[in-house]
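Here's model.txt, which has compact mmCIF, C-alpha atoms and all ligand atoms:
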```
# COMPACT_ATOMS: atom_id res chain seq x y z
CA MET A 1498 14.34 -99.43 -79.92
CA PHE A 1499 16.02 -100.57 -83.11
CA ALA A 1500 13.21 -102.94 -83.96
CA HIS A 1501 10.52 -100.38 -84.64
CA THR A 1502 12.39 -97.80 -86.62
CA THR A 1503 10.47 -96.78 -89.71
CA ALA A 1504 12.48 -93.94 -91.19
CA THR A 1505 12.76 -94.58 -94.89
CA SER A 1506 15.62 -94.10 -97.24
CA ALA A 1507 15.37 -91.49 -99.95
CA PRO A 1508 17.84 -92.57 -102.57
CA THR A 1509 19.51 -89.95 -104.68
CA THR A 1510 22.18 -90.84 -107.12
CA ALA A 1511 25.50 -89.12 -107.20
CA SER A 1512 28.62 -90.16 -108.99
CA GLY A 1513 31.76 -90.17 -106.97
CA GLY A 1514 35.05 -91.68 -107.95
CA ARG A 1515 34.84 -95.18 -109.25
CA GLY A 1516 32.37 -97.64 -107.91
CA SER A 1517 28.89 -97.92 -106.60
CA VAL A 1518 25.81 -95.81 -106.34
CA THR A 1519 25.51 -93.56 -103.36
CA GLY A 1520 22.23 -93.50 -101.51
CA ASP A 1521 21.42 -90.71 -99.12
CA HIS A 1522 19.69 -92.18 -96.10
CA VAL A 1523 17.86 -90.94 -93.07
CA LEU A 1524 19.22 -92.78 -90.05
CA SER A 1525 17.37 -96.07 -89.58
CA ALA A 1526 18.03 -99.53 -88.19
CA PRO A 1527 18.44 -101.34 -91.57
CA THR A 1528 20.89 -98.68 -92.78
CA LEU A 1529 22.84 -98.93 -89.57
CA ASP A 1530 22.88 -102.69 -89.76
CA ARG A 1531 24.13 -102.73 -93.35
CA ILE A 1532 26.96 -100.33 -92.55
CA ALA A 1533 27.92 -102.15 -89.33
CA ARG A 1534 28.35 -105.41 -91.23
CA PHE A 1535 30.65 -104.00 -93.88
CA ARG A 1536 34.27 -105.17 -93.90
CA GLY A 1537 36.89 -103.72 -96.22
CA GLY A 1538 38.82 -106.95 -96.59
CA GLY A 1539 42.08 -105.30 -95.58
CA LEU A 1540 41.28 -101.93 -97.18
CA PRO A 1541 40.75 -98.92 -94.92
CA VAL A 1542 37.26 -97.54 -94.29
CA VAL A 1543 36.94 -93.77 -93.95
CA SER A 1544 34.13 -92.65 -91.60
CA THR A 1545 33.33 -88.94 -91.52
CA TYR A 1546 30.85 -87.10 -89.31
CA VAL A 1547 30.25 -83.42 -89.97
CA GLY A 1548 27.68 -81.37 -88.05
CA VAL A 1549 25.92 -78.45 -89.71
CA GLU A 1550 23.60 -75.92 -88.07
CA GLY A 1551 21.55 -75.20 -91.20
CA GLY A 1552 20.95 -71.82 -92.80
CA PRO A 1553 22.15 -70.33 -96.09
CA ASP A 1554 25.84 -71.09 -95.46
CA ALA A 1555 25.23 -74.71 -94.53
CA ARG A 1556 26.68 -76.29 -97.65
CA ARG A 1557 29.74 -74.08 -97.62
CA ALA A 1558 30.32 -74.84 -93.92
CA LEU A 1559 29.99 -78.55 -94.65
CA GLN A 1560 32.59 -78.34 -97.43
CA THR A 1561 35.03 -76.29 -95.36
CA LYS A 1562 34.80 -78.57 -92.33
CA THR A 1563 35.06 -81.73 -94.41
CA ASP A 1564 38.06 -80.36 -96.24
CA SER A 1565 39.92 -79.76 -92.99
CA LEU A 1566 38.96 -83.21 -91.65
CA LEU A 1567 40.33 -84.78 -94.82
CA HIS A 1568 43.84 -83.35 -94.22
CA SER A 1569 44.85 -86.32 -92.09
CA VAL A 1570 43.55 -88.77 -94.69
CA ARG A 1571 45.43 -86.97 -97.48
CA SER A 1572 48.73 -87.38 -95.67
CA LEU A 1573 47.91 -91.04 -95.07
CA ALA A 1574 47.11 -91.49 -98.79
CA ASP A 1575 50.36 -89.80 -99.82
CA GLY A 1576 52.54 -91.38 -97.14
CA ARG A 1577 54.37 -94.67 -96.99
CA THR A 1578 52.71 -96.33 -94.00
CA LEU A 1579 50.02 -98.06 -96.06
CA ASP A 1580 50.42 -100.37 -99.06
CA HIS A 1581 49.70 -99.22 -102.59
CA GLU A 1582 46.19 -100.65 -102.82
CA ALA A 1583 45.12 -99.04 -99.55
CA ARG A 1584 46.51 -95.67 -100.66
CA VAL A 1585 44.67 -95.84 -103.99
CA SER A 1586 41.47 -96.69 -102.12
CA LEU A 1587 41.97 -93.73 -99.76
CA ARG A 1588 42.45 -91.33 -102.69
CA GLY A 1589 39.17 -92.58 -104.10
CA ASP A 1590 37.54 -92.04 -100.70
CA ILE A 1591 38.77 -88.45 -100.55
CA SER A 1592 37.31 -87.54 -103.94
CA ARG A 1593 34.00 -89.29 -103.23
CA ILE A 1594 33.62 -87.59 -99.84
CA GLU A 1595 34.36 -84.21 -101.44
CA GLU A 1596 31.78 -84.98 -104.13
CA VAL A 1597 29.14 -85.89 -101.54
CA THR A 1598 29.61 -82.66 -99.59
CA ARG A 1599 29.36 -80.67 -102.84
CA THR A 1600 25.99 -82.20 -103.69
CA GLN A 1601 24.26 -82.05 -100.28
CA THR A 1602 21.11 -79.94 -100.08
CA ASN A 1603 18.96 -78.87 -97.10
CA VAL A 1604 21.79 -79.69 -94.77
CA ARG A 1605 20.97 -79.56 -91.06
CA GLY A 1606 22.13 -81.96 -88.34
CA THR A 1607 25.02 -84.26 -89.10
CA VAL A 1608 26.10 -85.76 -92.40
CA ALA A 1609 27.82 -89.12 -91.89
CA ILE A 1610 29.81 -90.51 -94.83
CA PHE A 1611 31.33 -93.99 -94.91
CA SER A 1612 33.62 -94.80 -97.80
CA CYS A 1613 35.84 -97.67 -98.88
CA SER A 1614 36.28 -96.98 -102.58
CA GLY A 1615 38.51 -99.99 -103.20
CA ALA A 1616 35.63 -102.24 -102.08
CA GLN A 1617 32.94 -100.21 -103.88
CA MET A 1618 31.30 -99.00 -100.68
CA LEU A 1619 29.86 -95.53 -100.12
CA GLU A 1620 27.09 -94.73 -97.64
CA VAL A 1621 25.72 -91.32 -96.75
CA VAL A 1622 23.48 -90.98 -93.69
CA ARG A 1623 21.84 -87.88 -92.28
CA LEU A 1624 21.58 -87.72 -88.51
CA PRO A 1625 18.92 -85.45 -86.98
CA ARG A 1626 21.21 -83.96 -84.33
CA THR A 1627 24.49 -82.11 -84.59
CA ILE A 1628 27.37 -84.07 -83.14
CA ARG A 1629 31.09 -83.47 -82.90
CA ASP A 1630 32.99 -83.38 -86.23
CA ARG A 1631 35.31 -86.32 -86.62
CA ILE A 1632 36.99 -88.56 -89.11
CA MET A 1633 38.30 -92.06 -88.63
CA VAL A 1634 40.29 -94.40 -90.82
CA ASP A 1635 39.97 -97.96 -89.60
CA ALA A 1636 39.42 -101.55 -90.73
CA THR A 1637 35.68 -101.20 -90.04
CA PRO A 1638 33.08 -98.41 -90.33
CA TRP A 1639 33.00 -96.25 -87.24
CA ILE A 1640 29.33 -96.45 -86.26
CA HIS A 1641 29.53 -95.59 -82.57
CA PRO A 1642 28.50 -91.91 -83.01
CA MET A 1643 25.56 -92.99 -85.17
CA LEU A 1644 24.43 -95.51 -82.55
CA ALA A 1645 24.62 -92.80 -79.93
CA VAL A 1646 22.19 -90.63 -81.87
CA LEU A 1647 19.74 -93.43 -82.63
CA ASP A 1648 19.82 -94.69 -79.06
CA GLN A 1649 19.04 -91.33 -77.54
CA CYS A 1650 15.94 -90.64 -79.55
CA SER A 1651 12.79 -91.74 -77.79
CA ARG A 1652 9.68 -92.08 -79.93
CA CYS A 1653 7.35 -89.46 -78.55
CA CYS A 1654 3.61 -89.07 -78.99
CA ALA A 1655 2.55 -85.45 -78.54
CA VAL A 1656 -1.22 -85.30 -78.24
CA VAL A 1657 -3.05 -81.99 -78.53
CA VAL A 1658 -6.42 -82.26 -76.89
CA ASP A 1659 -9.42 -80.11 -75.96
CA ARG A 1660 -13.03 -80.83 -74.99
CA GLU A 1661 -14.03 -82.00 -78.42
CA SER A 1662 -10.96 -82.86 -80.48
CA ALA A 1663 -7.63 -84.63 -80.19
CA ARG A 1664 -4.76 -85.00 -82.61
CA ALA A 1665 -1.57 -87.01 -82.18
CA TRP A 1666 1.85 -86.04 -83.50
CA GLU A 1667 4.84 -88.34 -83.61
CA LEU A 1668 8.29 -86.95 -82.81
CA TYR A 1669 11.16 -89.22 -83.67
CA LEU A 1670 14.75 -88.76 -84.81
CA GLY A 1671 14.24 -85.03 -85.09
CA GLU A 1672 11.22 -85.30 -87.39
CA ILE A 1673 7.56 -84.59 -86.63
CA ARG A 1674 4.72 -86.47 -88.29
CA ASP A 1675 0.97 -85.94 -88.05
CA ALA A 1676 -0.31 -89.24 -86.63
CA GLY A 1677 -3.98 -88.35 -87.08
CA ARG A 1678 -7.06 -87.60 -85.02
CA LEU A 1679 -7.79 -89.52 -81.83
CA ASP A 1680 -11.37 -88.31 -81.38
CA GLY A 1681 -14.00 -90.58 -79.98
CA ALA A 1682 -17.40 -90.93 -81.58
CA ALA A 1683 -19.12 -89.19 -78.70
CA LEU A 1684 -19.34 -85.76 -80.27
CA ARG A 1685 -19.96 -86.65 -83.87
CA ASN A 1686 -23.70 -85.95 -83.70
CA ARG A 1687 -23.84 -82.89 -81.64
CA THR A 1688 -27.23 -81.65 -82.78
CA TYR A 1689 -29.37 -84.67 -82.10
CA ALA A 1690 -32.98 -84.25 -81.09
CA GLY A 1691 -32.40 -84.78 -77.42
CA TRP A 1692 -30.94 -81.35 -77.12
CA HIS A 1693 -34.09 -79.49 -78.14
CA GLY A 1694 -36.12 -78.17 -75.28
CA LEU A 1695 -33.52 -78.84 -72.60
CA SER A 1696 -32.82 -76.08 -70.15
CA GLU A 1697 -29.56 -74.23 -70.50
CA VAL A 1698 -28.15 -75.90 -67.39
CA ARG A 1699 -29.05 -79.33 -68.65
CA VAL A 1700 -27.47 -78.58 -72.04
CA ARG A 1701 -24.30 -77.53 -70.30
CA ASN A 1702 -24.32 -80.65 -68.15
CA ARG A 1703 -24.89 -82.72 -71.25
CA ALA A 1704 -21.95 -80.98 -72.99
CA ASP A 1705 -19.74 -81.63 -69.97
CA GLU A 1706 -20.73 -85.24 -69.97
CA LEU A 1707 -19.89 -85.57 -73.69
CA ALA A 1708 -16.57 -83.81 -73.13
CA ARG A 1709 -15.73 -86.22 -70.34
CA ARG A 1710 -16.63 -89.15 -72.52
CA HIS A 1711 -14.44 -87.75 -75.31
CA LEU A 1712 -11.46 -87.31 -72.98
CA ARG A 1713 -11.91 -90.80 -71.58
CA GLU A 1714 -11.96 -92.22 -75.10
CA VAL A 1715 -8.85 -90.31 -76.11
CA ALA A 1716 -7.05 -91.66 -73.03
CA ALA A 1717 -8.16 -95.21 -73.92
CA THR A 1718 -6.97 -94.81 -77.53
CA LEU A 1719 -3.62 -93.55 -76.30
CA GLU A 1720 -3.26 -96.44 -73.92
CA HIS A 1721 -3.92 -98.78 -76.82
CA LEU A 1722 -1.19 -97.11 -78.91
CA PHE A 1723 1.32 -97.34 -76.08
CA ARG A 1724 0.39 -100.98 -75.36
CA ALA A 1725 1.10 -101.72 -79.03
CA ASP A 1726 4.57 -100.26 -78.38
CA ARG A 1727 4.17 -97.46 -80.85
CA TYR A 1728 5.67 -94.88 -78.48
CA ASP A 1729 8.08 -94.52 -75.58
CA VAL A 1730 7.03 -91.16 -74.20
CA LEU A 1731 3.89 -89.03 -74.02
CA ALA A 1732 3.57 -85.23 -74.07
CA VAL A 1733 0.16 -83.59 -73.71
CA GLY A 1734 -0.76 -80.15 -75.02
CA GLY A 1735 -3.89 -78.00 -74.97
CA HIS A 1736 -5.48 -75.09 -73.14
CA ALA A 1737 -3.76 -75.00 -69.76
CA HIS A 1738 -7.06 -74.91 -67.82
CA GLU A 1739 -8.38 -77.99 -69.65
CA LEU A 1740 -5.34 -80.25 -69.27
CA PRO A 1741 -5.86 -81.42 -65.65
CA ALA A 1742 -9.29 -82.86 -66.55
CA PHE A 1743 -7.69 -84.92 -69.32
CA LEU A 1744 -4.71 -86.06 -67.25
CA ASP A 1745 -7.20 -87.42 -64.69
CA PHE A 1746 -8.33 -89.93 -67.30
CA LEU A 1747 -4.83 -91.28 -68.04
CA PRO A 1748 -4.33 -94.79 -66.68
CA ARG A 1749 -1.36 -95.23 -64.34
CA GLY A 1750 0.80 -96.94 -66.99
CA LEU A 1751 0.45 -93.92 -69.25
CA ARG A 1752 1.09 -91.44 -66.47
CA ASP A 1753 4.48 -93.11 -65.97
CA ARG A 1754 5.29 -92.33 -69.61
CA LEU A 1755 4.12 -88.72 -69.39
CA ALA A 1756 7.15 -86.52 -70.00
CA GLY A 1757 5.27 -83.26 -69.53
CA THR A 1758 2.50 -80.95 -70.70
CA PHE A 1759 2.50 -77.83 -72.84
CA SER A 1760 0.12 -74.98 -73.42
CA ILE A 1761 -1.12 -74.63 -76.98
CA ASP A 1762 -4.33 -73.60 -78.78
CA PRO A 1763 -5.60 -76.81 -80.44
CA HIS A 1764 -7.40 -74.79 -83.15
CA THR A 1765 -4.22 -73.18 -84.45
CA ALA A 1766 -1.64 -75.87 -83.58
CA THR A 1767 0.66 -76.84 -86.47
CA ALA A 1768 3.50 -79.33 -86.84
CA ALA A 1769 5.97 -76.51 -86.21
CA THR A 1770 4.31 -75.16 -83.05
CA VAL A 1771 3.73 -78.63 -81.58
CA ARG A 1772 7.34 -79.53 -82.26
CA ALA A 1773 8.64 -76.32 -80.69
CA ALA A 1774 6.58 -77.01 -77.56
CA ALA A 1775 7.15 -80.76 -77.24
CA GLU A 1776 10.85 -81.05 -78.08
CA PRO A 1777 12.17 -79.36 -74.92
CA ILE A 1778 9.92 -81.63 -72.84
CA LEU A 1779 11.30 -84.69 -74.57
CA GLU A 1780 14.87 -83.44 -74.14
CA GLN A 1781 14.40 -82.93 -70.38
CA TYR A 1782 12.81 -86.35 -70.06
CA GLU A 1783 15.70 -88.08 -71.82
CA LEU A 1784 18.32 -86.33 -69.69
CA GLU A 1785 16.40 -87.28 -66.55
CA GLU A 1786 16.23 -90.92 -67.71
CA GLN A 1787 19.98 -90.92 -68.30
CA ARG A 1788 20.68 -89.53 -64.83
CA ARG A 1789 18.45 -92.19 -63.32
CA LEU A 1790 20.19 -95.02 -65.23
CA VAL A 1791 23.64 -93.88 -64.10
CA ALA A 1792 22.56 -93.39 -60.50
CA GLU A 1793 20.94 -96.82 -60.33
CA LEU A 1794 23.92 -98.59 -61.87
CA LEU A 1795 26.46 -96.89 -59.63
CA GLN A 1796 24.24 -97.67 -56.66
CA SER A 1797 24.32 -101.35 -57.66
CA ALA A 1798 28.11 -101.17 -58.02
CA ALA A 1799 28.40 -99.72 -54.51
CA THR A 1800 26.44 -102.63 -53.08
CA GLY A 1801 28.54 -105.21 -54.91
CA ASP A 1802 25.98 -106.33 -57.49
CA ARG A 1803 27.18 -107.62 -60.86
CA THR A 1804 28.54 -104.49 -62.45
CA ALA A 1805 31.66 -103.19 -64.16
CA VAL A 1806 32.63 -99.54 -63.78
CA GLY A 1807 35.35 -97.90 -65.87
CA LEU A 1808 36.77 -98.66 -69.31
CA GLU A 1809 39.16 -101.54 -68.56
CA PRO A 1810 36.66 -103.65 -66.57
CA CYS A 1811 33.95 -102.97 -69.18
CA LEU A 1812 36.26 -104.02 -72.04
CA TRP A 1813 37.03 -107.27 -70.28
CA ALA A 1814 33.33 -107.81 -69.56
CA GLY A 1815 32.57 -107.13 -73.24
CA ALA A 1816 35.28 -109.54 -74.39
CA VAL A 1817 33.68 -112.40 -72.42
CA ALA A 1818 30.13 -111.38 -73.50
CA ALA A 1819 29.09 -110.62 -69.92
CA ILE A 1820 27.43 -107.26 -70.57
CA GLY A 1821 23.65 -107.01 -70.33
CA THR A 1822 23.44 -103.22 -70.34
CA LEU A 1823 26.21 -100.80 -71.22
CA LEU A 1824 26.20 -97.10 -70.34
CA VAL A 1825 28.57 -94.99 -72.45
CA GLN A 1826 29.42 -91.34 -71.93
CA GLU A 1827 28.53 -89.51 -75.14
CA GLY A 1828 31.56 -88.38 -77.10
CA ALA A 1829 33.85 -90.75 -75.21
CA GLY A 1830 36.49 -92.47 -77.29
CA ALA A 1831 39.75 -94.20 -76.44
CA PRO A 1832 42.47 -95.89 -78.51
CA GLY A 1833 43.00 -99.57 -77.89
CA VAL A 1834 43.67 -103.01 -79.32
CA VAL A 1835 41.44 -105.77 -80.67
CA CYS A 1836 41.94 -109.48 -81.33
CA GLU A 1837 39.82 -110.35 -84.37
CA ALA A 1838 40.08 -114.07 -83.65
CA SER A 1839 38.75 -114.21 -80.09
CA GLY A 1840 36.92 -110.90 -79.81
CA TRP A 1841 39.19 -109.72 -77.03
CA PHE A 1842 39.89 -106.02 -76.64
CA SER A 1843 41.69 -103.77 -74.25
CA THR A 1844 43.32 -100.37 -74.04
CA SER A 1845 46.75 -101.94 -74.72
CA GLY A 1846 48.54 -105.21 -75.46
CA GLU A 1847 50.54 -106.47 -78.46
CA THR A 1848 49.21 -110.02 -78.26
CA CYS A 1849 45.85 -111.40 -77.21
CA PRO A 1850 46.01 -113.10 -73.77
CA LEU A 1851 43.23 -115.50 -74.82
CA CYS A 1852 44.72 -116.91 -78.04
CA GLY A 1853 48.22 -115.44 -78.33
CA ARG A 1854 47.64 -113.87 -81.76
CA ALA A 1855 48.80 -110.34 -82.60
CA THR A 1856 46.25 -107.62 -81.89
CA ARG A 1857 45.07 -104.90 -84.24
CA ARG A 1858 45.21 -101.29 -83.09
CA THR A 1859 42.00 -99.29 -83.18
CA PRO A 1860 41.59 -95.54 -82.73
CA ASP A 1861 38.39 -96.08 -80.71
CA VAL A 1862 38.08 -99.26 -78.68
CA ILE A 1863 34.76 -98.05 -77.21
CA ASN A 1864 33.31 -98.33 -80.72
CA GLU A 1865 34.43 -101.99 -80.78
CA LEU A 1866 32.92 -102.56 -77.34
CA VAL A 1867 29.57 -101.06 -78.38
CA GLU A 1868 29.42 -103.27 -81.48
CA ALA A 1869 30.30 -106.37 -79.47
CA VAL A 1870 27.59 -105.67 -76.89
CA ILE A 1871 25.01 -105.20 -79.65
CA ASP A 1872 26.15 -108.44 -81.32
CA GLU A 1873 25.64 -110.30 -78.04
CA GLY A 1874 22.12 -108.93 -77.64
CA GLY A 1875 22.93 -106.46 -74.88
CA SER A 1876 21.51 -102.96 -74.73
CA ILE A 1877 23.39 -99.67 -74.99
CA HIS A 1878 22.54 -96.34 -73.44
CA HIS A 1879 24.53 -93.29 -74.42
CA VAL A 1880 24.57 -90.73 -71.67
CA ARG A 1881 24.56 -87.07 -72.62
CA ALA A 1882 23.57 -85.78 -69.18
CA ASP A 1883 26.24 -84.53 -66.82
CA THR A 1884 26.73 -87.40 -64.36
CA GLU A 1885 29.39 -89.41 -62.54
CA LEU A 1886 29.80 -91.40 -65.75
CA ARG A 1887 32.00 -88.62 -67.16
CA ARG A 1888 34.79 -89.88 -64.86
CA HIS A 1889 34.30 -93.55 -65.75
CA LEU A 1890 33.42 -93.28 -69.50
CA THR A 1891 31.64 -96.65 -69.39
CA ALA A 1892 29.74 -98.73 -66.84
CA ALA A 1893 27.88 -101.98 -67.29
CA ARG A 1894 25.35 -104.29 -65.74
CA LEU A 1895 26.63 -107.86 -66.06
CA ARG A 1896 24.93 -111.16 -66.81
CA PHE A 1897 27.43 -113.10 -64.70
CA ALA A 1898 30.40 -112.47 -62.42
CA LEU A 1899 33.63 -111.77 -64.32
CA PRO A 1900 36.65 -114.08 -64.38
CA PRO A 1901 39.85 -112.23 -63.35
CA ILE A 1902 41.23 -109.79 -65.96
CA PRO A 1903 44.26 -111.36 -67.73
CA GLU A 1904 47.63 -109.66 -67.33
CA PRO A 1905 48.55 -107.41 -70.28
CA THR A 1906 51.26 -108.76 -72.58
ZN ZN B 2001 42.64 -113.71 -79.37
```

Could you spell out this file's structure in structure tokens?
Amino acid sequence: MFAHTTATSAPTTASGGRGSVTGDHVLSAPTLDRIARFRGGGLPVVSTYVGVEGGPDARRALQTKTDSLLHSVRSLADGRTLDHEARVSLRGDISRIEEVTRTQTNVRGTVAIFSCSGAQMLEVVRLPRTIRDRIMVDATPWIHPMLAVLDQCSRCCAVVVDRESARAWELYLGEIRDAGRLDGAALRNRTYAGWHGLSEVRVRNRADELARRHLREVAATLEHLFRADRYDVLAVGGHAHELPAFLDFLPRGLRDRLAGTFSIDPHTATAATVRAAAEPILEQYELEEQRRLVAELLQSAATGDRTAVGLEPCLWAGAVAAIGTLLVQEGAGAPGVVCEASGWFSTSGETCPLCGRATRRTPDVINELVEAVIDEGGSIHHVRADTELRRHLTAARLRFALPPIPEPT
């Protein structure tokens, strides 16, 4: 899913504290990658996520919520737990984050701000969905919530079709884009000579035949688009009585991707009405997919296949790069420890059992796990649906059977 992200960045300049230019970005894979790779070289990184519902008070709400999130960072910046350089960097972060929230416009969804002023880093990313407000001060950017949003967004093709026209719309990361007409050539010359002198019945039959040809061509074009991996999911809209005829033309592979149908008048359909109709279908489809993934994995676990269920087994599996697929309950977070040298992590332990070095504490070890799995080429699914995973927080499909978990030290 990361590979074919095309959302573009729309840079705006804003001054904030000392240091670099801030770019405001729509969530995309390159942005995510750049942020994930950042290291503060010993300086703290402040990661802030603030959700806003939109409307006239959006900016004020953003400022108020950010201000209250920053309380904990202010006490850290004024306290004695960190060295001087780190405290100076944090003060810079506070003023830059305040500056960013003052200059945001058209706020809706979540504004994610990553700042490490002492290392000249400031990134602002807009996420299409509202997620829980949170702030984190850590050695690395806290990207887990951002991954969760990106991961959960299927690329959906919503096609609006009738007997003589078809238009595709792309829904992705909360945006809708007109992807153009999908019409076949069959109906381009509707008034050719052959029609003159035909009986009414024959004209109607001829029209039906052309309509069928059109629908067949639209289905073929769609199949081509899905084969080229442009989309994950299909939604089909049109006059309710005309939809079954079109669905009959969908090849089996496409029917498997069909998330649902919606009733809409193709002549008056707009981006807004298509979006309003297709989004709930996509939402239901994604939740259903998540339930299926959890059920299948827990079924495998019950029959003794290579799986890890629960946080501690998954952390160990992640530390030895055994995870092929990781399921994470959305919003789950847990404090823990990390060994930078050997990539070991756990919920507790002063020293690493693999190399004996001192561990670093992290406020969210699941974030570390997610990053490690991505680094090792595994896939991540964040689960928003209400399933058994709520109890376990994480569960994984493994590439190989795990060695025994080392004793905590
Ligand atoms: Zn170690």

Taken to one decimal, the atom CA of A:Tyr1546-atom CA of A:Val1608 distance is 5.8 Å

Write out as a list of chain:residue names each polymer residue (protein, DNA or RNA) that has an atom no more than 6 Å from ligand ZN 2001 (chain B), with only C-alpha atoms and all ligand atoms counted. A:Cys1836, A:Ala1838, A:Ser1839, A:Trp1841, A:Cys1849, A:Leu1851, A:Cys1852, A:Gly1853, A:Arg1854

Nearby residues (only C-alpha atoms) at most 12 Å from A:Ile1820, same-chain spacing under 2 positions excluded, as a PyMOL selection string: chain A and resi 1803-1806+1810-1818+1822-1824+1866-1877+1891-1899

Using only C-alpha atoms: which of A:His1581, A:Ser1572, A:Glu1714, A:Ser1544 has the shortest distance to A:Cys1613: A:Ser1544

Would you work out the distance separating atom CA of A:Phe1746 from atom CA of A:Ala1708, expressed in Å to one decimal?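 The value is 11.8 Å.
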
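Nearest residue to A:Ala1555, choosing from A:Thr1607, A:Thr1528, A:Ser1843, A:Ser1569 and counting only C-alpha atoms: A:Thr1607.
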
Excluding stretch 1603-1606 of chain A and its own-chain neighbours fewer than 3 positions away, which residues fall within 12 Å of it when counting all atoms listed in the file? Please give them as an NGL selection string. :A and (1521 or 1523-1524 or 1546-1560 or 1597-1600 or 1609 or 1622-1630 or 1643 or 1646 or 1670-1672)

Out of A:Phe1535, A:His1738, A:Arg1678, A:Cys1653, which residue has the shortest atom-to-atom distance to A:Phe1611 when counting all atoms listed in the file?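 Counting all atoms listed in the file, the residue closest to A:Phe1611 is A:Phe1535.
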
What lies within 9 Å of A:Glu1667 using all atoms listed in the file, ignoring chain neighbours under 3 positions off, as a count of residues only? 11

If you take all atoms listed in the file and a cut-off of 12 Å, which residues of stretch 1630-1673 of chain A touch stretch 1618-1621 of chain A, and what are their nearest atom pairs and distances in Å to one decimal, in chain and number order, as a tab-separated table?
```
residue	atom	partner	partner_atom	distance
A:Thr1637	CA	A:Met1618	CA	11.7
A:Pro1638	CA	A:Glu1620	CA	10.1
A:Ile1640	CA	A:Glu1620	CA	11.7
A:Met1643	CA	A:Val1621	CA	11.7
```

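Of the listed residues (A:Gly1807, A:Ala1831, A:Asp1802, A:Pro1903), A:Pro1903 comes nearest to A:Pro1850; the distances count only C-alpha atoms.
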
Stretch 1631-1636 of chain A surroundings by all atoms listed in the file, 7 Å radius, close-in-sequence under 3 positions cut, as a list of chain:residue names: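 In the requested form, the answer reads A:Gly1537, A:Gly1539, A:Leu1540, A:Pro1541, A:Val1542, A:Val1543, A:Ser1544, A:Thr1545, A:Tyr1546, A:Val1547, A:Leu1566, A:Trp1639, A:Thr1859.
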
Any idea what the distance is between atom CA of A:Thr1884 and atom CA of A:Val1791?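 Pair atom CA of A:Thr1884 / atom CA of A:Val1791 returns 7.2 Å.
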
Contacts of A:Glu1785 within 10 Å, only C-alpha atoms, excl. fewer than 5 positions in-chain, as a PyMOL selection string: chain A and resi 1756+1779-1780+1790+1882

Would you mind exporting C-alpha atoms of the selected residues as a PDB file, in the coordinates of the input?
```pdb
ATOM      1  CA  ALA A1756       7.150 -86.520 -70.000  1.00  0.00           C
ATOM      2  CA  LEU A1779      11.300 -84.690 -74.570  1.00  0.00           C
ATOM      3  CA  GLU A1780      14.870 -83.440 -74.140  1.00  0.00           C
ATOM      4  CA  LEU A1790      20.190 -95.020 -65.230  1.00  0.00           C
ATOM      5  CA  ALA A1882      23.570 -85.780 -69.180  1.00  0.00           C
TER       6      ALA A1882
END
```
